[in-house]
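Novice: Got a structure here, written out as structure tokens. Questions coming.
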Amino acid sequence: MATLVERDRAHLWHPFTQMKTAPDPLPIVRADGVYLFTEDGRRLLDGISSWWVNVHGHSNPRINRALRLQAETLEHVIFAGCTHPPAVELAERLCALLPERLNRVFYSDNGSTAVEVALKMAYQYWTNRGDDRRRTFIAFENAYHGDTVGAMSVSHDSLFTASYAPLLFQVERVSAPADYRASLDPANDGAAREPLAALEALLEERGNEIAGIIVEPMLQAVGGMLVWKAEFLRKLRALCDRHDLLLIADEVLTGFGRTGRMFACEHGPVIPDIACFSKGLTAGYLPLSVTVAAEDVYAAFWSDDRRKTFFHGHSFTANPLGCAVALEGLNIFAEEGVLERIRRLEAQVRGALLQYVGRPYVQDVRQIGGVGILELAESESGYLADVGPRLARAFLDRGLLLRPLGNVLYFMPPYAITDDETAWALGQIDEVLEETFARRA
Ligand code: PLP
């Protein structure tokens with residue numbers, strides 16, 4: 001009988017792994033809590049929350065039950081011209097958690113589509129109001145907003161987007177000044193003194209051509225797990241107010257507790273005009289996303305003029321299974337003290353991280369919420385730095401699934417992880433780093 005990997009190799013095309021030298025995919029047949037189990041009997045601790053989505057642990061009994069009940073009641077129905085209880089209830093619950101101004105929920109099915117929706121909404125907001133000058137967006141260096149064409153256009157020019165460059169629309173890309181970088185290493189912690197000079201100059205000159213500014217609040221993840229000070233967000237909000245622009249917060253990763261607050265914009269606190277959520281929205285169970293807009297954005301579409309309609313919809317918009325699972329995920333947040341749990345995780349991770357400040361092989365040490373980040377001082381940096389796969393293999397040999405972004409190693413476990421499991425994972429990280437680097441020194 002062929003193994004799962006042999007059968008996989010015959011027909012599958014995986015994301016990111018067409019390199020002939022790439023290792024075999026891990027054959028995962030079951031998951032429970034923070035653990036993944038392989039076909040050949042290995043147990044792996046999921047230190048990356050399965051691409052940053054899982055929050056309450058795998059195969060969570062409460063979520064399993066909610067999913068089962070919903071499947072037996074209503075699995076799916078078209079959402080153009082129909083509605084259903086899980087979609088309505090989830091929108092009510094989300095709006096109750098978000099600032100009052102954000103009260104129009106548009107469903108789609110993944111982080112990239114949530115961003116596409118936000119960009120199209122922001123663009124059409126202006127044209128519906130009769131302003132045809134607002135033809136582009138401001139985006140940041142190191143940003144990542146997804147793999148669809150619009151989302152790639154507002155992402156950093158990178159290895160991920162290079163092949164499609166001629167297909168992408170033009171945006172104004174600005175760098176976020178290093179002054180706003182947050183680090184546990186005092187040598188790298190920005191002083192947040194400088195004004196955002198380049199951005200301000202751009203806005204003075206061309207502010208009335210810009211539809212909106214899109215930002216990953218507090219944490220640019222794919223771009224290298226860069227943590228930003230809350231002051232940066234506040235400045236952006238102030239600039240958007242001054243120049244009458246829409247602020248779009250891409251909280252696809254940061255939403256639902258990942259940065260230690262329910263939503264990263266709470267760190268400001270700032271209220272965006274449009275916000276995108278996915279990943280933790282369904283506790284990592286099912287593909288669902290929301291783009292939540294302020295009432296005045298929605299008002300620009302509310303009309304009897306058909307040309308003002310937001311013509312965007314997906315077959316699985318507001319899928320009831322996804323909505324039901326998301327609702328149970330929110331119940332768990334409310335009833336099981338999850339934010340408190342994240343605070344404990346944060347303290348434990350911080351304790352371990354501080355010991356790396358000043359180690360010769362560590363360039364920077366960062367943290368936000370339960371996410372711990374070590375930027376390694378390699379001669380080769382960036383996503384392709386081969387230290388990443390080498391370390392990943394060493395961790396895997398010890399039963400820990402991590403997936404460094406090149407020379408940036410990070411630990412982002414589900415919040416359901418226990419103190420003991422956290423201590424074990426942090427211990428493995430330390431041993432592998434010491435074996436790899438202290439020996440080399
Ligand atoms: N936006 C951010 C900030 C992300 O981190 C990601 C994915 O990692 C996306 C958008 C795209 O989400 P998805 O992979 O669900 O399309």
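Every chain in the structure tokens has a letter given in the order shown (A, B, ...), and although residue numbers restart at 1 in each chain, ligands are simply numbered from 1 in the order shown.
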Once you count only C-alpha atoms and all ligand atoms, which residues end up within 9 Å of ligand 1, and could you hand them over as a PyMOL selection string?
Specialist: chain A and resi 51-53+109-115+143-148+151+215-217+219-222+250-254+276-279+287-289
Novice: Write a file of the just-selected residues containing N, CA and C atoms, as an mmCIF file, in the first residue's frame.
Specialist:
data_model
loop_
_atom_site.group_PDB
_atom_site.id
_atom_site.type_symbol
_atom_site.label_atom_id
_atom_site.label_comp_id
_atom_site.auth_asym_id
_atom_site.auth_seq_id
_atom_site.Cartn_x
_atom_site.Cartn_y
_atom_site.Cartn_z
ATOM 1 N N TRP A 51 -0.225 27.730 10.072
ATOM 2 C CA TRP A 51 -0.234 28.956 9.267
ATOM 3 C C TRP A 51 -1.035 30.056 9.945
ATOM 4 N N TRP A 52 -0.855 30.130 11.281
ATOM 5 C CA TRP A 52 -1.298 31.272 12.086
ATOM 6 C C TRP A 52 -2.814 31.324 12.263
ATOM 7 N N VAL A 53 -3.473 30.213 12.079
ATOM 8 C CA VAL A 53 -4.939 30.260 12.144
ATOM 9 C C VAL A 53 -5.510 29.713 13.446
ATOM 10 N N ASP A 109 -14.184 34.678 1.945
ATOM 11 C CA ASP A 109 -13.755 33.377 2.465
ATOM 12 C C ASP A 109 -12.283 33.161 2.780
ATOM 13 N N ASN A 110 -11.472 34.179 2.688
ATOM 14 C CA ASN A 110 -10.083 34.031 3.172
ATOM 15 C C ASN A 110 -9.479 35.416 3.337
ATOM 16 N N GLY A 111 -8.265 35.456 3.838
ATOM 17 C CA GLY A 111 -7.663 36.753 4.128
ATOM 18 C C GLY A 111 -7.463 37.598 2.880
ATOM 19 N N SER A 112 -7.024 36.956 1.797
ATOM 20 C CA SER A 112 -6.774 37.717 0.564
ATOM 21 C C SER A 112 -8.071 38.325 0.029
ATOM 22 N N THR A 113 -9.144 37.551 0.057
ATOM 23 C CA THR A 113 -10.405 38.110 -0.466
ATOM 24 C C THR A 113 -10.928 39.201 0.459
ATOM 25 N N ALA A 114 -10.681 39.081 1.753
ATOM 26 C CA ALA A 114 -11.101 40.159 2.670
ATOM 27 C C ALA A 114 -10.396 41.458 2.287
ATOM 28 N N VAL A 115 -9.116 41.331 1.868
ATOM 29 C CA VAL A 115 -8.359 42.517 1.451
ATOM 30 C C VAL A 115 -8.866 43.034 0.101
ATOM 31 N N ALA A 143 5.122 44.966 3.609
ATOM 32 C CA ALA A 143 3.733 44.548 3.840
ATOM 33 C C ALA A 143 3.446 43.231 3.126
ATOM 34 N N TYR A 144 2.511 42.492 3.679
ATOM 35 C CA TYR A 144 1.955 41.328 2.988
ATOM 36 C C TYR A 144 0.459 41.327 3.241
ATOM 37 N N HIS A 145 -0.305 41.304 2.135
ATOM 38 C CA HIS A 145 -1.763 41.336 2.290
ATOM 39 C C HIS A 145 -2.456 40.188 1.572
ATOM 40 N N GLY A 146 -1.696 39.256 1.016
ATOM 41 C CA GLY A 146 -2.338 38.106 0.386
ATOM 42 C C GLY A 146 -1.813 37.842 -1.007
ATOM 43 N N ASP A 147 -2.334 36.785 -1.626
ATOM 44 C CA ASP A 147 -1.772 36.296 -2.890
ATOM 45 C C ASP A 147 -2.659 36.557 -4.105
ATOM 46 N N THR A 148 -3.819 37.147 -3.938
ATOM 47 C CA THR A 148 -4.626 37.497 -5.101
ATOM 48 C C THR A 148 -4.052 38.792 -5.690
ATOM 49 N N ALA A 151 -4.403 42.097 -3.703
ATOM 50 C CA ALA A 151 -3.667 41.987 -2.434
ATOM 51 C C ALA A 151 -2.159 42.009 -2.689
ATOM 52 N N VAL A 215 -2.703 48.991 6.129
ATOM 53 C CA VAL A 215 -1.633 48.675 7.084
ATOM 54 C C VAL A 215 -1.956 47.393 7.844
ATOM 55 N N GLU A 216 -0.897 46.636 8.146
ATOM 56 C CA GLU A 216 -1.032 45.517 9.087
ATOM 57 C C GLU A 216 -0.767 46.119 10.470
ATOM 58 N N PRO A 217 -1.764 46.323 11.288
ATOM 59 C CA PRO A 217 -1.526 47.027 12.546
ATOM 60 C C PRO A 217 -0.621 46.258 13.508
ATOM 61 N N LEU A 219 1.911 44.492 13.698
ATOM 62 C CA LEU A 219 2.799 43.378 13.342
ATOM 63 C C LEU A 219 2.760 43.137 11.842
ATOM 64 N N GLN A 220 3.910 43.358 11.175
ATOM 65 C CA GLN A 220 4.042 42.941 9.773
ATOM 66 C C GLN A 220 4.624 41.543 9.826
ATOM 67 N N ALA A 221 3.823 40.573 9.485
ATOM 68 C CA ALA A 221 4.215 39.198 9.771
ATOM 69 C C ALA A 221 5.075 38.600 8.659
ATOM 70 N N VAL A 222 4.493 38.395 7.474
ATOM 71 C CA VAL A 222 5.243 37.747 6.395
ATOM 72 C C VAL A 222 6.517 38.540 6.077
ATOM 73 N N ASP A 250 -5.567 45.727 7.994
ATOM 74 C CA ASP A 250 -5.558 44.308 7.642
ATOM 75 C C ASP A 250 -5.241 43.531 8.919
ATOM 76 N N GLU A 251 -6.305 43.093 9.586
ATOM 77 C CA GLU A 251 -6.149 42.333 10.842
ATOM 78 C C GLU A 251 -6.343 40.837 10.588
ATOM 79 N N VAL A 252 -6.046 40.414 9.352
ATOM 80 C CA VAL A 252 -6.238 38.998 9.004
ATOM 81 C C VAL A 252 -5.446 38.110 9.970
ATOM 82 N N LEU A 253 -4.223 38.501 10.247
ATOM 83 C CA LEU A 253 -3.420 37.742 11.208
ATOM 84 C C LEU A 253 -3.619 38.261 12.633
ATOM 85 N N THR A 254 -3.630 39.575 12.789
ATOM 86 C CA THR A 254 -3.542 40.141 14.140
ATOM 87 C C THR A 254 -4.849 40.046 14.927
ATOM 88 N N CYS A 276 -10.129 44.122 8.026
ATOM 89 C CA CYS A 276 -10.225 42.781 7.440
ATOM 90 C C CYS A 276 -9.848 41.735 8.490
ATOM 91 N N PHE A 277 -10.641 40.684 8.581
ATOM 92 C CA PHE A 277 -10.356 39.604 9.531
ATOM 93 C C PHE A 277 -10.522 38.244 8.854
ATOM 94 N N SER A 278 -9.689 37.281 9.276
ATOM 95 C CA SER A 278 -9.871 35.897 8.809
ATOM 96 C C SER A 278 -9.125 35.009 9.809
ATOM 97 N N LYS A 279 -8.387 34.031 9.377
ATOM 98 C CA LYS A 279 -7.555 33.169 10.228
ATOM 99 C C LYS A 279 -8.254 32.820 11.558
ATOM 100 N N PRO A 287 -12.430 28.175 6.185
ATOM 101 C CA PRO A 287 -12.137 29.417 5.468
ATOM 102 C C PRO A 287 -13.320 30.374 5.486
ATOM 103 N N LEU A 288 -13.159 31.450 6.203
ATOM 104 C CA LEU A 288 -14.198 32.486 6.276
ATOM 105 C C LEU A 288 -13.468 33.791 6.591
ATOM 106 N N SER A 289 -13.953 34.885 6.051
ATOM 107 C CA SER A 289 -13.362 36.174 6.424
ATOM 108 C C SER A 289 -14.443 37.236 6.431
#
Novice: With a distance cut-off of 7 Å and only C-alpha atoms, select the neighbouring residues of A:Asp273, excluding the residue or stretch itself and same-chain residues fewer than 2 positions from it, and output the selection as a list in words.
Specialist: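 That gives Leu246, Leu247, Ile248, Ile271, Ala275, Ala293 and Ala294 of chain A.
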Novice: Would you please work out which residue, of A:Leu245, A:Leu90, A:Val174, A:Ala352, is nearest to A:Thr282 when using only C-alpha atoms?
Specialist: A:Leu90
Novice: Which residue, A:Met218, A:Val325, A:Val365, A:Leu44, has the smallest gap to A:Arg68 when you use only C-alpha atoms?
Specialist: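 The closest residue to A:Arg68 is A:Val325.
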Novice: Taking the chain letters and numbering used in this document, name the residues of stretch 265-311 of chain A that DSSP puts in helix (DSSP H, G or I), as number ranges by chain.
Specialist: A: 265-267, 279-282, 295-299, 306-308
Novice: Output N, CA, C and O atoms of each residue in that selection to a file, as an mmCIF file, in the first residue's frame.
Specialist:
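See part-v7.cif below for the written result:
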data_model
loop_
_atom_site.group_PDB
_atom_site.id
_atom_site.type_symbol
_atom_site.label_atom_id
_atom_site.label_comp_id
_atom_site.auth_asym_id
_atom_site.auth_seq_id
_atom_site.Cartn_x
_atom_site.Cartn_y
_atom_site.Cartn_z
ATOM 1 N N CYS A 265 -5.771 46.920 16.544
ATOM 2 C CA CYS A 265 -6.024 48.372 16.554
ATOM 3 C C CYS A 265 -6.304 48.886 17.959
ATOM 4 O O CYS A 265 -6.174 50.081 18.224
ATOM 5 N N GLU A 266 -6.678 47.986 18.876
ATOM 6 C CA GLU A 266 -6.919 48.413 20.259
ATOM 7 C C GLU A 266 -5.633 48.911 20.920
ATOM 8 O O GLU A 266 -5.671 49.632 21.904
ATOM 9 N N HIS A 267 -4.475 48.503 20.414
ATOM 10 C CA HIS A 267 -3.222 48.977 21.005
ATOM 11 C C HIS A 267 -3.092 50.492 20.861
ATOM 12 O O HIS A 267 -2.482 51.141 21.689
ATOM 13 N N LYS A 279 -8.387 34.031 9.377
ATOM 14 C CA LYS A 279 -7.555 33.169 10.228
ATOM 15 C C LYS A 279 -8.254 32.820 11.558
ATOM 16 O O LYS A 279 -9.089 31.930 11.598
ATOM 17 N N GLY A 280 -7.940 33.539 12.649
ATOM 18 C CA GLY A 280 -8.501 33.226 13.965
ATOM 19 C C GLY A 280 -10.006 33.444 14.064
ATOM 20 O O GLY A 280 -10.630 33.015 15.036
ATOM 21 N N LEU A 281 -10.591 34.087 13.061
ATOM 22 C CA LEU A 281 -12.045 34.327 13.076
ATOM 23 C C LEU A 281 -12.809 33.027 13.284
ATOM 24 O O LEU A 281 -13.772 32.972 14.049
ATOM 25 N N THR A 282 -12.389 31.973 12.587
ATOM 26 C CA THR A 282 -13.066 30.680 12.761
ATOM 27 C C THR A 282 -12.227 29.764 13.652
ATOM 28 O O THR A 282 -12.316 28.542 13.543
ATOM 29 N N GLU A 295 -20.131 52.788 9.072
ATOM 30 C CA GLU A 295 -21.451 53.064 8.494
ATOM 31 C C GLU A 295 -21.366 54.105 7.367
ATOM 32 O O GLU A 295 -22.074 54.004 6.360
ATOM 33 N N ASP A 296 -20.492 55.099 7.504
ATOM 34 C CA ASP A 296 -20.449 56.124 6.446
ATOM 35 C C ASP A 296 -19.845 55.581 5.151
ATOM 36 O O ASP A 296 -20.132 56.086 4.067
ATOM 37 N N VAL A 297 -19.022 54.519 5.230
ATOM 38 C CA VAL A 297 -18.553 53.872 3.998
ATOM 39 C C VAL A 297 -19.747 53.172 3.343
ATOM 40 O O VAL A 297 -20.020 53.330 2.147
ATOM 41 N N TYR A 298 -20.482 52.439 4.150
ATOM 42 C CA TYR A 298 -21.666 51.730 3.634
ATOM 43 C C TYR A 298 -22.660 52.720 3.019
ATOM 44 O O TYR A 298 -23.262 52.457 1.965
ATOM 45 N N ALA A 299 -22.793 53.874 3.654
ATOM 46 C CA ALA A 299 -23.781 54.870 3.198
ATOM 47 C C ALA A 299 -23.529 55.290 1.750
ATOM 48 O O ALA A 299 -24.469 55.618 1.016
ATOM 49 N N ARG A 306 -28.299 51.574 -9.426
ATOM 50 C CA ARG A 306 -27.664 50.251 -9.520
ATOM 51 C C ARG A 306 -26.146 50.356 -9.684
ATOM 52 O O ARG A 306 -25.397 49.468 -9.280
ATOM 53 N N ARG A 307 -25.677 51.438 -10.292
ATOM 54 C CA ARG A 307 -24.234 51.571 -10.529
ATOM 55 C C ARG A 307 -23.458 51.758 -9.229
ATOM 56 O O ARG A 307 -22.250 51.629 -9.195
ATOM 57 N N LYS A 308 -24.176 52.086 -8.171
ATOM 58 C CA LYS A 308 -23.482 52.267 -6.881
ATOM 59 C C LYS A 308 -23.373 50.965 -6.079
ATOM 60 O O LYS A 308 -22.798 50.928 -4.994
#
Novice: Given the choices A:His314, A:Arg343, A:Arg65, A:Arg359, which gets closest to A:Thr259 if the distance is worked out from only C-alpha atoms?
Specialist: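 Once distances to A:Thr259 are computed over only C-alpha atoms, the minimum belongs to A:Arg343.
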Novice: Stretch 46-134 of chain A near stretch 196-209 of chain A within 10 Å: what's each residue's closest atom pair and its distance in Å to one decimal, counting only C-alpha atoms, ordered by chain then ascending residue number, as a tab-separated table?
Specialist:
residue	atom	partner	partner_atom	distance
A:Asp131	CA	A:Asn208	CA	9.3
A:Asp132	CA	A:Glu209	CA	8.6
A:Arg133	CA	A:Glu209	CA	5.1
A:Arg134	CA	A:Glu209	CA	4.1
Novice: Would you mind listing, for every residue of stretch 1-76 of chain A within 12 Å of stretch 377-393 of chain A, the two atoms forming the shortest contact and the distance between them in Å to one decimal, using only C-alpha atoms, sorted by chain and ascending residue number, as a Markdown table?
Specialist:
| residue | atom | partner | partner_atom | distance |
| --- | --- | --- | --- | --- |
| A:Phe16 | CA | A:Leu384 | CA | 11.7 |
| A:Thr17 | CA | A:Pro389 | CA | 11.9 |
| A:Thr21 | CA | A:Pro389 | CA | 11.2 |
| A:Ala22 | CA | A:Pro389 | CA | 9.3 |
| A:Pro23 | CA | A:Arg393 | CA | 9.2 |
| A:Asp24 | CA | A:Arg393 | CA | 11.5 |
| A:Leu26 | CA | A:Arg393 | CA | 11.6 |
| A:Gly47 | CA | A:Ala392 | CA | 11.0 |
| A:Ile48 | CA | A:Ala392 | CA | 11.5 |
Novice: Using DSSP on the backbone coordinates, identify all residues within stretch 57-188 of chain A classified as strand (DSSP E); present the result as a list in words.
Specialist: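 Result set for stretch 57-188 of chain A (strand (DSSP E)): Leu102, Asn103, Arg104, Val105, Phe106, Tyr107, Ser108, Thr136, Phe137, Ile138, Ala139, Phe140, Glu172, Arg173 and Val174 of chain A.
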Novice: Mind checking which residues fall within 9 Å of A:Arg129, counting only C-alpha atoms, ignoring those fewer than 5 positions away in the same chain, and posting them as a list in words?
Specialist: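 Near A:Arg129, the qualifying residues are Gln124, Ala300 and Phe301 of chain A.
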